[in-house]
Amino acid sequence: MLKTLKISFSLKNTYRVNSILYSLRQIPLIRRLLPQSLYSVYGLKIFANLLSILWEIISIFLWKFFYLLVMVVSIGSLYRGLPAQQIYLHILLLLTVIGALINTQLFSSTRDKYYAIILMRMNAREFILINYFYSIIKVIIGFLPFSIFFGRSSNLSLILCLLIPFSISGIKLAVSALVLWDYDKSRFTGTENKLQKYSLIAAVLLLAAAYGLPAAGIAIPMEVSAALLIASLPAGAAGMYKILNYQRYQDFSKDLLADLFDKIDIAKQTAKTQTQRSISTDREIASSKKGFEYLNDLFIKRHRKILWKSSKWLALIALLVLLTVISACFFVQSFRTRTNTYLMSFLPYGVFLMYAINRGGDFTRALFMNCDRSLLTYSFYKKPEMVLKLFRIRLREIVKINLLPAFVIGAGLTGLLFVSGGTSQPLNYAVLFVSILCMSVFFSVHNLTAYYLLQPYNAETEIKSGTYQAVMTITYLICIGFAQVRLPILAFGLSCILFCLIYSAAAGLLIYKLAPRTFRLRS
Amino acid sequence: MKFTEYYGLLGRNGAGKTTLFNCLNRDLKADSGSFWIEEFGKSRNVAPEDIGYVLSTPTVPEFLTGREFLKFFLDINGNSISDPRPIDEYFEYVSIAPDDRDKLLKDYSHGMKNKMQMLINIIAQPALLLLDEPLTSLDVVVAEEMKMLLRSIKQDKIIIFSTHILDLALDLCDEIVLLSHGELERVDKSNLDSHDFKEKIIAALREEDYA
């Protein structure tokens with residue numbers, strides 16, 4: 001038993017340490033400082049080991065803290081009219097049952113389980129039991145301080161506070177034993193990764209009960225909750241007996257992990273097939289153009305579904321929403337003034353909006369997976385003048401695709417501004433319209449430039465470039481940031497237009513200088 | 001290396017054959033060393049269009065049909081192809097059936113994709129053709145067709161053929177070059193019959209290597 005414990009710990013740790021080292025390697029600047037033989041450097045290993053152990057300890061407490069704080073206490077405090085401790089127990093109890101149903105360590109198919117049981121042929125029963133009880137102990141230790149802290153601040157008696165971590169484990173054990181029993185009967189396991197239909201339905205119902213009933217002034221009475229918490233102790237003991245004496249862990253884990261084994265393979269395949277599936281098989285599609293225009297024309301036509309079709313849908317939805325708001329302005333006076341004030345400072349939010357609806361990401365992914373991934377292995381395709389020629393064509397296409405919804409939104413907002421009461425400065429109309437169009441162009445240029453300069457994928461279509469991911473994350477964060485800001489149309493709009501012009505010029509220059517070298521397959 | 005010769009690049013799994021090709025094709029930056037082309041007594045740098053590279057897993061643009069891919073390629077390279085033919089003639093050349101010519105390349109079989117890739121590289125007539133394990137995963141019929149094809153195209157170019165299958169290299173190549181421990185080494189065939197030559201190659205590859 002002790003040996004299994006040691007092996008399973010060191011296995012998990014090795015896996016985690018290597019993941020840490022791998023992710024260090026993905027950070028652009030640090031990557032250069034790290035030696036090639038990264039995985040065998042002693043000092044680095046110790047550092048990663050420390051991180052790994054630290055993370056294990058922190059993770060015992062961190063999630064429990066946030067779970068109780070956010071899911072139970074904060075939401076619970078929104079309901080008035082019922083005693084705080086009653087609400088607290090009501091939500092906690094129902095959420096615990098949901099957790100026991102969908103988040104069970106015993107039935108999770110994780111990689112370290114796969115490595116240990118399938119690849120390294122460890123004893124399934126020992127390995128599963130050791131890990132399971134370790135996770136149960138973590139639940140108890142992790143919950144104890146916070147169940148006291150939050151429980152006491154919700155006026156719960158100390159006895160109940162102390163009882164809660166054990167009751168949570170009790171419910172987990174009892175439910176897990178039930179699933180084992182069910183497995184024996186039907187060989188059907190409801191793993192948390194493959195949510196069984198019924199437990200998902202039950203979870204949704206319980207969730208509705210946990211948060212819905214208190215809103216209607218109903219909650220499980222204190223006495224019943226307390227009784228259930230106490231009753232879960234013997235239920236847990238019975239569950240533990242079943243789990244400890246269960247003999248078929250070997251079959252059980254084979255069934256469970258066979259799934260994962262497929263998944264590891266499938267995960268690689270899915271991205272590829274999904275993009276491949278987006279290729280239209282319509283035999284009518286043809287083109288009368290020549291050369292790169294021919295290639296591009298066929299590409300756009302065969303990817304209508306993810307390019308033009310979705311852009312048309314976006315335009316249609318935007319049109320409907322804007323028409324609704326505009327007609328509302330005609331009828332409700334108070335809505336009109338509110339809309340007008342909001343619109344005058346709304347433009348920064350437009351940045352986020354235009355980011356969110358940009359098709360550039362899908363475009364470059366499809367470009368890579370269905371086109372460049374293969375064509376980049378041919379030397380004629382890599383000639384500098386060809387790279388630039390095709391870039392210009394592609395830029396034109398993606399700008400066109402994104403401009404359709406942008407045009408609708410820009411025109412709609414300008415119309416809305418007029419209908420909602422107008423503005424004293426007529427220039428605002430033009431700036432609003434043009435800056436929305438500019439934002440759309442900016443994101444098109446940005447996506448395609450990042451793709452050409454950082455060419456993020458390798459031949460297996462996994463994203464390889466850490467820099468690319470960093471650029472995309474920063475873009476996202478900036479856009480989220482803009483969504484929080486309110487600025488007057490004129491100032492923000494004009495700076496936006498100026499920025500887009502400068503950025504596009506700079507991007508063009510960079511592409512011209514660098515793309516013939518950077519637009520390559522990564523090995 | 002000389003034009004009109006077949007070079008068999010032999011090395012054990014992981015010796016770096018594909019890496020060498022990637023360096024030559026400039027997909028990877030070489031740590032050191034250089035290569036150039038010597039023509040009419042003058043040496044010059046290797047341009048992208050000098051190199052044709054056929055990968056072991058064939059890669060073709062999946063959203064095009066075979067015919068469209070060929071048409072696109074001929075459009076782009078119209079000026080540099082000395083003797084352009086009608087598209088169907090090219091398909092005949094690599095025995096791709098008329099029914100398959102207008103299918104999307106994503107629906108082509110492995111062997112057919114391989115033929116398309118080879119065909120493009122043959123039409124482009126690069127000075128240097130790199131073939132990375134081109135026959136290893138083909139069925140016997142396609143492999144035989146490809147072998148015939150490979151034998152017929154060796155005028156005016158250097159062909160380097162990487163493989164770890166010794167018999168294939170001996171069958172096709174004029175010269176054998178070994179790659180082991182990051183070093184290239186030509187194997188001298190003089191005065192050896194094929195059996196002794198084989199023994200010599202295996203001995204050389206085994207040397208200092210761990211099993």
# chains A, B, ... in the order shown; residues from 1 in each chain; ligands from 1
$ closest_atom_pairs --of "chain A" --to "chain B" --cutoff "6 Å" --atoms "only C-alpha atoms" --output "JSON lines"
{"residue": "A:Gly291", "atom": "CA", "partner": "B:Asp75", "partner_atom": "CA", "distance": 4.9}
{"residue": "A:Asn370", "atom": "CA", "partner": "B:Glu62", "partner_atom": "CA", "distance": 5.5}
{"residue": "A:Cys371", "atom": "CA", "partner": "B:Pro61", "partner_atom": "CA", "distance": 4.8}
{"residue": "A:Ser374", "atom": "CA", "partner": "B:Thr59", "partner_atom": "CA", "distance": 4.6}
{"residue": "A:Ser379", "atom": "CA", "partner": "B:Pro48", "partner_atom": "CA", "distance": 5.3}
{"residue": "A:Phe380", "atom": "CA", "partner": "B:Glu49", "partner_atom": "CA", "distance": 5.7}
$ select_by_dssp --residues "segment 72-195 of chain B" --states "alpha helix (DSSP H)" --output "ChimeraX atom specification"
/B:72-76,87-93,110-123,140-152,166-172,194-195
$ residues_around --residues "Leu314 of chain A" --least-positions-apart "6" --cutoff "10 Å" --atoms "only C-alpha atoms" --output "list in words"
Trp308, Leu320, Ile357, Asn358, Asn402, Leu404, Pro405, Ala406, Val408 and Ile409 of chain A
$ write_last_selection --atoms "N, CA and C atoms" --output "mmCIF file, in the first residue's frame"
data_model
loop_
_atom_site.group_PDB
_atom_site.id
_atom_site.type_symbol
_atom_site.label_atom_id
_atom_site.label_comp_id
_atom_site.auth_asym_id
_atom_site.auth_seq_id
_atom_site.Cartn_x
_atom_site.Cartn_y
_atom_site.Cartn_z
ATOM 1 N N TRP A 308 -18.345 33.783 -45.243
ATOM 2 C CA TRP A 308 -19.429 34.682 -45.627
ATOM 3 C C TRP A 308 -20.730 34.388 -44.924
ATOM 4 N N LEU A 320 -31.294 43.291 -36.892
ATOM 5 C CA LEU A 320 -32.530 43.096 -36.127
ATOM 6 C C LEU A 320 -32.451 43.804 -34.777
ATOM 7 N N ILE A 357 -16.725 39.963 -33.025
ATOM 8 C CA ILE A 357 -17.380 39.450 -34.229
ATOM 9 C C ILE A 357 -16.405 39.258 -35.389
ATOM 10 N N ASN A 358 -15.129 39.538 -35.172
ATOM 11 C CA ASN A 358 -14.189 39.420 -36.288
ATOM 12 C C ASN A 358 -13.993 37.961 -36.695
ATOM 13 N N ASN A 402 -15.390 40.982 -43.099
ATOM 14 C CA ASN A 402 -15.686 41.617 -41.820
ATOM 15 C C ASN A 402 -16.404 42.948 -41.963
ATOM 16 N N LEU A 404 -18.914 43.688 -43.798
ATOM 17 C CA LEU A 404 -20.370 43.603 -43.946
ATOM 18 C C LEU A 404 -21.085 43.859 -42.609
ATOM 19 N N PRO A 405 -20.807 43.041 -41.566
ATOM 20 C CA PRO A 405 -21.479 43.351 -40.293
ATOM 21 C C PRO A 405 -21.035 44.706 -39.721
ATOM 22 N N ALA A 406 -19.770 45.064 -39.952
ATOM 23 C CA ALA A 406 -19.293 46.346 -39.425
ATOM 24 C C ALA A 406 -20.083 47.491 -40.041
ATOM 25 N N VAL A 408 -23.167 47.375 -41.197
ATOM 26 C CA VAL A 408 -24.508 47.389 -40.610
ATOM 27 C C VAL A 408 -24.475 48.019 -39.221
ATOM 28 N N ILE A 409 -23.494 47.607 -38.412
ATOM 29 C CA ILE A 409 -23.417 48.128 -37.046
ATOM 30 C C ILE A 409 -23.108 49.629 -37.067
#
$ residues_around --residues "segment 435-437 of chain A" --least-positions-apart "4" --cutoff "6 Å" --atoms "only C-alpha atoms" --output "list in words"
Ala406, Gly410, Val431, Gly493 and Ile497 of chain A
$ write_last_selection --atoms "all heavy atoms" --output "compact mmCIF listing (two decimals), in the first residue's frame"
# COMPACT_ATOMS: atom_id res chain seq x y z
N ALA A 406 -19.77 45.06 -39.95
CA ALA A 406 -19.29 46.35 -39.43
C ALA A 406 -20.08 47.49 -40.04
O ALA A 406 -20.45 48.45 -39.35
CB ALA A 406 -17.81 46.52 -39.71
N GLY A 410 -22.14 50.01 -37.89
CA GLY A 410 -21.78 51.43 -37.97
C GLY A 410 -22.95 52.28 -38.40
O GLY A 410 -23.30 53.28 -37.75
N VAL A 431 -17.71 60.38 -37.50
CA VAL A 431 -16.64 59.72 -36.73
C VAL A 431 -17.12 58.37 -36.21
O VAL A 431 -16.40 57.36 -36.28
CB VAL A 431 -16.18 60.63 -35.56
CG1 VAL A 431 -15.27 59.86 -34.63
CG2 VAL A 431 -15.47 61.84 -36.11
N GLY A 493 -13.05 58.32 -31.13
CA GLY A 493 -13.21 57.89 -32.51
C GLY A 493 -12.06 58.36 -33.38
O GLY A 493 -11.47 57.57 -34.14
N ILE A 497 -9.34 56.05 -35.38
CA ILE A 497 -9.11 56.08 -36.82
C ILE A 497 -7.63 56.28 -37.10
O ILE A 497 -7.02 55.56 -37.91
CB ILE A 497 -9.94 57.21 -37.48
CG1 ILE A 497 -11.43 56.90 -37.30
CG2 ILE A 497 -9.60 57.35 -38.95
CD1 ILE A 497 -12.35 58.04 -37.69
$ atom_distance --atom1 "atom CA of Val46 of chain B" --atom2 "atom CA of Ser80 of chain B"
16.4 Å
$ residues_around --residues "segment 230-236 of chain A" --least-positions-apart "4" --cutoff "10 Å" --atoms "only C-alpha atoms" --output "PDB file with all heavy atoms, in the first residue's frame"
ATOM      1  N   LEU A 160     -22.095  22.135  13.934  1.00  0.00           N
ATOM      2  CA  LEU A 160     -22.470  21.935  12.527  1.00  0.00           C
ATOM      3  C   LEU A 160     -21.305  22.292  11.607  1.00  0.00           C
ATOM      4  O   LEU A 160     -21.041  21.603  10.616  1.00  0.00           O
ATOM      5  CB  LEU A 160     -23.690  22.784  12.183  1.00  0.00           C
ATOM      6  CG  LEU A 160     -25.054  22.139  12.442  1.00  0.00           C
ATOM      7  CD1 LEU A 160     -26.170  23.082  12.026  1.00  0.00           C
ATOM      8  CD2 LEU A 160     -25.177  20.818  11.680  1.00  0.00           C
ATOM      9  N   LEU A 163     -18.985  19.602  11.488  1.00  0.00           N
ATOM     10  CA  LEU A 163     -19.577  18.423  10.877  1.00  0.00           C
ATOM     11  C   LEU A 163     -19.528  18.494   9.343  1.00  0.00           C
ATOM     12  O   LEU A 163     -19.362  17.468   8.667  1.00  0.00           O
ATOM     13  CB  LEU A 163     -21.034  18.331  11.346  1.00  0.00           C
ATOM     14  CG  LEU A 163     -21.793  17.051  11.023  1.00  0.00           C
ATOM     15  CD1 LEU A 163     -21.180  15.889  11.778  1.00  0.00           C
ATOM     16  CD2 LEU A 163     -23.265  17.211  11.393  1.00  0.00           C
ATOM     17  N   ILE A 164     -19.648  19.720   8.812  1.00  0.00           N
ATOM     18  CA  ILE A 164     -19.843  19.888   7.363  1.00  0.00           C
ATOM     19  C   ILE A 164     -18.781  19.201   6.490  1.00  0.00           C
ATOM     20  O   ILE A 164     -19.127  18.436   5.580  1.00  0.00           O
ATOM     21  CB  ILE A 164     -20.003  21.385   7.015  1.00  0.00           C
ATOM     22  CG1 ILE A 164     -21.424  21.823   7.394  1.00  0.00           C
ATOM     23  CG2 ILE A 164     -19.769  21.668   5.536  1.00  0.00           C
ATOM     24  CD1 ILE A 164     -21.661  23.311   7.308  1.00  0.00           C
ATOM     25  N   PHE A 166     -17.005  16.629   7.006  1.00  0.00           N
ATOM     26  CA  PHE A 166     -17.169  15.179   7.059  1.00  0.00           C
ATOM     27  C   PHE A 166     -18.439  14.759   6.325  1.00  0.00           C
ATOM     28  O   PHE A 166     -18.481  13.726   5.657  1.00  0.00           O
ATOM     29  CB  PHE A 166     -17.191  14.714   8.519  1.00  0.00           C
ATOM     30  CG  PHE A 166     -15.874  14.946   9.206  1.00  0.00           C
ATOM     31  CD1 PHE A 166     -15.649  16.099   9.943  1.00  0.00           C
ATOM     32  CD2 PHE A 166     -14.841  14.024   9.075  1.00  0.00           C
ATOM     33  CE1 PHE A 166     -14.425  16.333  10.552  1.00  0.00           C
ATOM     34  CE2 PHE A 166     -13.607  14.252   9.685  1.00  0.00           C
ATOM     35  CZ  PHE A 166     -13.404  15.415  10.417  1.00  0.00           C
ATOM     36  N   SER A 167     -19.458  15.588   6.447  1.00  0.00           N
ATOM     37  CA  SER A 167     -20.702  15.267   5.742  1.00  0.00           C
ATOM     38  C   SER A 167     -20.515  15.338   4.234  1.00  0.00           C
ATOM     39  O   SER A 167     -21.041  14.496   3.491  1.00  0.00           O
ATOM     40  CB  SER A 167     -21.805  16.245   6.148  1.00  0.00           C
ATOM     41  OG  SER A 167     -21.972  16.207   7.532  1.00  0.00           O
ATOM     42  N   ILE A 168     -19.757  16.346   3.793  1.00  0.00           N
ATOM     43  CA  ILE A 168     -19.494  16.461   2.347  1.00  0.00           C
ATOM     44  C   ILE A 168     -18.812  15.192   1.848  1.00  0.00           C
ATOM     45  O   ILE A 168     -19.211  14.591   0.846  1.00  0.00           O
ATOM     46  CB  ILE A 168     -18.629  17.709   2.051  1.00  0.00           C
ATOM     47  CG1 ILE A 168     -19.434  18.983   2.331  1.00  0.00           C
ATOM     48  CG2 ILE A 168     -18.153  17.701   0.597  1.00  0.00           C
ATOM     49  CD1 ILE A 168     -18.653  20.270   2.130  1.00  0.00           C
ATOM     50  N   SER A 169     -17.781  14.743   2.600  1.00  0.00           N
ATOM     51  CA  SER A 169     -17.093  13.510   2.205  1.00  0.00           C
ATOM     52  C   SER A 169     -18.046  12.336   2.257  1.00  0.00           C
ATOM     53  O   SER A 169     -18.001  11.446   1.396  1.00  0.00           O
ATOM     54  CB  SER A 169     -15.915  13.222   3.132  1.00  0.00           C
ATOM     55  OG  SER A 169     -15.249  14.385   3.438  1.00  0.00           O
ATOM     56  N   GLY A 170     -18.914  12.329   3.266  1.00  0.00           N
ATOM     57  CA  GLY A 170     -19.876  11.242   3.409  1.00  0.00           C
ATOM     58  C   GLY A 170     -20.766  11.149   2.181  1.00  0.00           C
ATOM     59  O   GLY A 170     -20.969  10.063   1.616  1.00  0.00           O
ATOM     60  N   ILE A 171     -21.273  12.294   1.750  1.00  0.00           N
ATOM     61  CA  ILE A 171     -22.155  12.299   0.571  1.00  0.00           C
ATOM     62  C   ILE A 171     -21.383  11.828  -0.663  1.00  0.00           C
ATOM     63  O   ILE A 171     -21.869  11.025  -1.461  1.00  0.00           O
ATOM     64  CB  ILE A 171     -22.743  13.713   0.353  1.00  0.00           C
ATOM     65  CG1 ILE A 171     -23.668  14.057   1.518  1.00  0.00           C
ATOM     66  CG2 ILE A 171     -23.494  13.788  -0.961  1.00  0.00           C
ATOM     67  CD1 ILE A 171     -24.205  15.473   1.497  1.00  0.00           C
ATOM     68  N   LYS A 172     -20.130  12.302  -0.800  1.00  0.00           N
ATOM     69  CA  LYS A 172     -19.307  11.878  -1.938  1.00  0.00           C
ATOM     70  C   LYS A 172     -19.128  10.359  -1.931  1.00  0.00           C
ATOM     71  O   LYS A 172     -19.279   9.689  -2.958  1.00  0.00           O
ATOM     72  CB  LYS A 172     -17.928  12.554  -1.878  1.00  0.00           C
ATOM     73  CG  LYS A 172     -17.905  13.955  -2.450  1.00  0.00           C
ATOM     74  CD  LYS A 172     -16.491  14.504  -2.450  1.00  0.00           C
ATOM     75  CE  LYS A 172     -16.428  15.919  -2.968  1.00  0.00           C
ATOM     76  NZ  LYS A 172     -16.784  16.079  -4.375  1.00  0.00           N
ATOM     77  N   LEU A 173     -18.784   9.803  -0.762  1.00  0.00           N
ATOM     78  CA  LEU A 173     -18.558   8.360  -0.661  1.00  0.00           C
ATOM     79  C   LEU A 173     -19.833   7.586  -0.998  1.00  0.00           C
ATOM     80  O   LEU A 173     -19.796   6.597  -1.738  1.00  0.00           O
ATOM     81  CB  LEU A 173     -18.097   8.002   0.761  1.00  0.00           C
ATOM     82  CG  LEU A 173     -16.655   8.354   1.115  1.00  0.00           C
ATOM     83  CD1 LEU A 173     -16.454   8.317   2.614  1.00  0.00           C
ATOM     84  CD2 LEU A 173     -15.705   7.380   0.431  1.00  0.00           C
ATOM     85  N   ALA A 174     -20.948   8.055  -0.453  1.00  0.00           N
ATOM     86  CA  ALA A 174     -22.204   7.333  -0.661  1.00  0.00           C
ATOM     87  C   ALA A 174     -22.583   7.331  -2.142  1.00  0.00           C
ATOM     88  O   ALA A 174     -22.937   6.286  -2.704  1.00  0.00           O
ATOM     89  CB  ALA A 174     -23.310   7.970   0.176  1.00  0.00           C
ATOM     90  N   VAL A 175     -22.468   8.502  -2.784  1.00  0.00           N
ATOM     91  CA  VAL A 175     -22.841   8.579  -4.203  1.00  0.00           C
ATOM     92  C   VAL A 175     -21.901   7.723  -5.056  1.00  0.00           C
ATOM     93  O   VAL A 175     -22.329   7.000  -5.955  1.00  0.00           O
ATOM     94  CB  VAL A 175     -22.854  10.048  -4.688  1.00  0.00           C
ATOM     95  CG1 VAL A 175     -23.050  10.106  -6.194  1.00  0.00           C
ATOM     96  CG2 VAL A 175     -23.955  10.826  -3.993  1.00  0.00           C
ATOM     97  N   SER A 176     -20.589   7.784  -4.745  1.00  0.00           N
ATOM     98  CA  SER A 176     -19.631   6.975  -5.501  1.00  0.00           C
ATOM     99  C   SER A 176     -19.939   5.492  -5.375  1.00  0.00           C
ATOM    100  O   SER A 176     -19.853   4.739  -6.345  1.00  0.00           O
ATOM    101  CB  SER A 176     -18.207   7.247  -5.014  1.00  0.00           C
ATOM    102  OG  SER A 176     -17.877   8.579  -5.262  1.00  0.00           O
ATOM    103  N   ALA A 177     -20.313   5.070  -4.158  1.00  0.00           N
ATOM    104  CA  ALA A 177     -20.646   3.661  -3.957  1.00  0.00           C
ATOM    105  C   ALA A 177     -21.854   3.286  -4.803  1.00  0.00           C
ATOM    106  O   ALA A 177     -21.906   2.203  -5.394  1.00  0.00           O
ATOM    107  CB  ALA A 177     -20.913   3.401  -2.479  1.00  0.00           C
ATOM    108  N   VAL A 224     -34.111  19.918   9.067  1.00  0.00           N
ATOM    109  CA  VAL A 224     -33.968  18.876   8.033  1.00  0.00           C
ATOM    110  C   VAL A 224     -32.527  18.866   7.511  1.00  0.00           C
ATOM    111  O   VAL A 224     -31.910  17.806   7.368  1.00  0.00           O
ATOM    112  CB  VAL A 224     -34.962  19.115   6.875  1.00  0.00           C
ATOM    113  CG1 VAL A 224     -34.788  18.066   5.790  1.00  0.00           C
ATOM    114  CG2 VAL A 224     -36.385  19.114   7.401  1.00  0.00           C
ATOM    115  N   SER A 225     -31.983  20.056   7.230  1.00  0.00           N
ATOM    116  CA  SER A 225     -30.605  20.137   6.749  1.00  0.00           C
ATOM    117  C   SER A 225     -29.655  19.482   7.741  1.00  0.00           C
ATOM    118  O   SER A 225     -28.803  18.667   7.377  1.00  0.00           O
ATOM    119  CB  SER A 225     -30.190  21.595   6.560  1.00  0.00           C
ATOM    120  OG  SER A 225     -30.880  22.160   5.487  1.00  0.00           O
ATOM    121  N   ALA A 226     -29.822  19.851   9.008  1.00  0.00           N
ATOM    122  CA  ALA A 226     -28.936  19.295  10.033  1.00  0.00           C
ATOM    123  C   ALA A 226     -29.073  17.782  10.084  1.00  0.00           C
ATOM    124  O   ALA A 226     -28.073  17.054  10.143  1.00  0.00           O
ATOM    125  CB  ALA A 226     -29.260  19.919  11.390  1.00  0.00           C
ATOM    126  N   MET A 240     -18.120   3.820   2.102  1.00  0.00           N
ATOM    127  CA  MET A 240     -16.704   3.482   2.232  1.00  0.00           C
ATOM    128  C   MET A 240     -16.510   1.968   2.269  1.00  0.00           C
ATOM    129  O   MET A 240     -15.598   1.427   1.649  1.00  0.00           O
ATOM    130  CB  MET A 240     -16.146   4.110   3.499  1.00  0.00           C
ATOM    131  CG  MET A 240     -14.681   3.862   3.623  1.00  0.00           C
ATOM    132  SD  MET A 240     -13.715   5.146   4.344  1.00  0.00           S
ATOM    133  CE  MET A 240     -14.296   5.487   5.895  1.00  0.00           C
ATOM    134  N   TYR A 241     -17.418   1.285   2.987  1.00  0.00           N
ATOM    135  CA  TYR A 241     -17.347  -0.166   3.079  1.00  0.00           C
ATOM    136  C   TYR A 241     -17.447  -0.788   1.688  1.00  0.00           C
ATOM    137  O   TYR A 241     -16.641  -1.632   1.297  1.00  0.00           O
ATOM    138  CB  TYR A 241     -18.474  -0.674   3.990  1.00  0.00           C
ATOM    139  CG  TYR A 241     -18.492  -2.171   4.122  1.00  0.00           C
ATOM    140  CD1 TYR A 241     -17.606  -2.823   4.991  1.00  0.00           C
ATOM    141  CD2 TYR A 241     -19.377  -2.941   3.369  1.00  0.00           C
ATOM    142  CE1 TYR A 241     -17.613  -4.198   5.095  1.00  0.00           C
ATOM    143  CE2 TYR A 241     -19.388  -4.317   3.462  1.00  0.00           C
ATOM    144  CZ  TYR A 241     -18.495  -4.950   4.331  1.00  0.00           C
ATOM    145  OH  TYR A 241     -18.497  -6.315   4.415  1.00  0.00           O
ATOM    146  N   LYS A 242     -18.417  -0.294   0.925  1.00  0.00           N
ATOM    147  CA  LYS A 242     -18.619  -0.807  -0.443  1.00  0.00           C
ATOM    148  C   LYS A 242     -17.365  -0.533  -1.305  1.00  0.00           C
ATOM    149  O   LYS A 242     -16.876  -1.416  -2.009  1.00  0.00           O
ATOM    150  CB  LYS A 242     -19.853  -0.119  -1.038  1.00  0.00           C
ATOM    151  CG  LYS A 242     -20.006  -0.259  -2.543  1.00  0.00           C
ATOM    152  CD  LYS A 242     -20.691  -1.547  -2.917  1.00  0.00           C
ATOM    153  CE  LYS A 242     -20.727  -1.711  -4.436  1.00  0.00           C
ATOM    154  NZ  LYS A 242     -21.098  -3.049  -4.839  1.00  0.00           N
TER     155      LYS A 242
END
$ residues_around --residues "Ala209 of chain A" --least-positions-apart "3" --cutoff "9 Å" --atoms "only C-alpha atoms" --output "list of chain:residue names"
A:Ile91, A:Leu94, A:Val204, A:Leu205, A:Leu206, A:Gly212, A:Leu213, A:Pro214, A:Ala219
$ atom_distance --atom1 "atom CA of Leu130 of chain B" --atom2 "atom CA of Tyr512 of chain A"
29.1 Å
$ residues_around --residues "segment 183-189 of chain B" --least-positions-apart "5" --cutoff "12 Å" --atoms "only C-alpha atoms" --output "number ranges by chain"
B: 1, 7-11, 15-17, 20, 33, 170, 173-178, 194-205
$ decode --residues "segment 334-344 of chain A" --atoms "N, CA, C and O atoms" --output "short mmCIF file (atom, residue, chain, number, x, y, z; two decimals), in the first residue's frame"
data_model
loop_
_atom_site.label_atom_id
_atom_site.label_comp_id
_atom_site.auth_asym_id
_atom_site.auth_seq_id
_atom_site.Cartn_x
_atom_site.Cartn_y
_atom_site.Cartn_z
N SER A 334 -38.24 57.99 -22.35
CA SER A 334 -37.15 57.86 -21.37
C SER A 334 -36.03 56.99 -21.95
O SER A 334 -34.84 57.24 -21.74
N PHE A 335 -36.43 55.96 -22.71
CA PHE A 335 -35.45 55.06 -23.32
C PHE A 335 -34.59 55.84 -24.32
O PHE A 335 -33.38 55.63 -24.41
N ARG A 336 -35.24 56.77 -25.02
CA ARG A 336 -34.54 57.56 -26.02
C ARG A 336 -33.39 58.35 -25.39
O ARG A 336 -32.26 58.29 -25.85
N THR A 337 -33.71 59.08 -24.31
CA THR A 337 -32.66 59.91 -23.69
C THR A 337 -31.55 59.04 -23.12
O THR A 337 -30.36 59.35 -23.25
N ARG A 338 -31.96 57.92 -22.47
CA ARG A 338 -30.92 57.04 -21.90
C ARG A 338 -30.01 56.51 -22.99
O ARG A 338 -28.78 56.49 -22.86
N THR A 339 -30.60 56.07 -24.11
CA THR A 339 -29.81 55.53 -25.22
C THR A 339 -28.84 56.58 -25.74
O THR A 339 -27.67 56.30 -25.99
N ASN A 340 -29.33 57.80 -25.85
CA ASN A 340 -28.50 58.88 -26.38
C ASN A 340 -27.27 59.12 -25.49
O ASN A 340 -26.14 59.17 -25.97
N THR A 341 -27.49 59.22 -24.20
CA THR A 341 -26.37 59.44 -23.29
C THR A 341 -25.38 58.29 -23.37
O THR A 341 -24.16 58.48 -23.42
N TYR A 342 -25.93 57.07 -23.39
CA TYR A 342 -25.08 55.89 -23.44
C TYR A 342 -24.25 55.87 -24.72
O TYR A 342 -23.04 55.65 -24.69
N LEU A 343 -24.92 56.17 -25.84
CA LEU A 343 -24.25 56.11 -27.13
C LEU A 343 -23.07 57.08 -27.21
O LEU A 343 -22.04 56.78 -27.80
N MET A 344 -23.25 58.26 -26.62
CA MET A 344 -22.22 59.29 -26.72
C MET A 344 -20.90 58.84 -26.11
O MET A 344 -19.84 59.36 -26.43
#
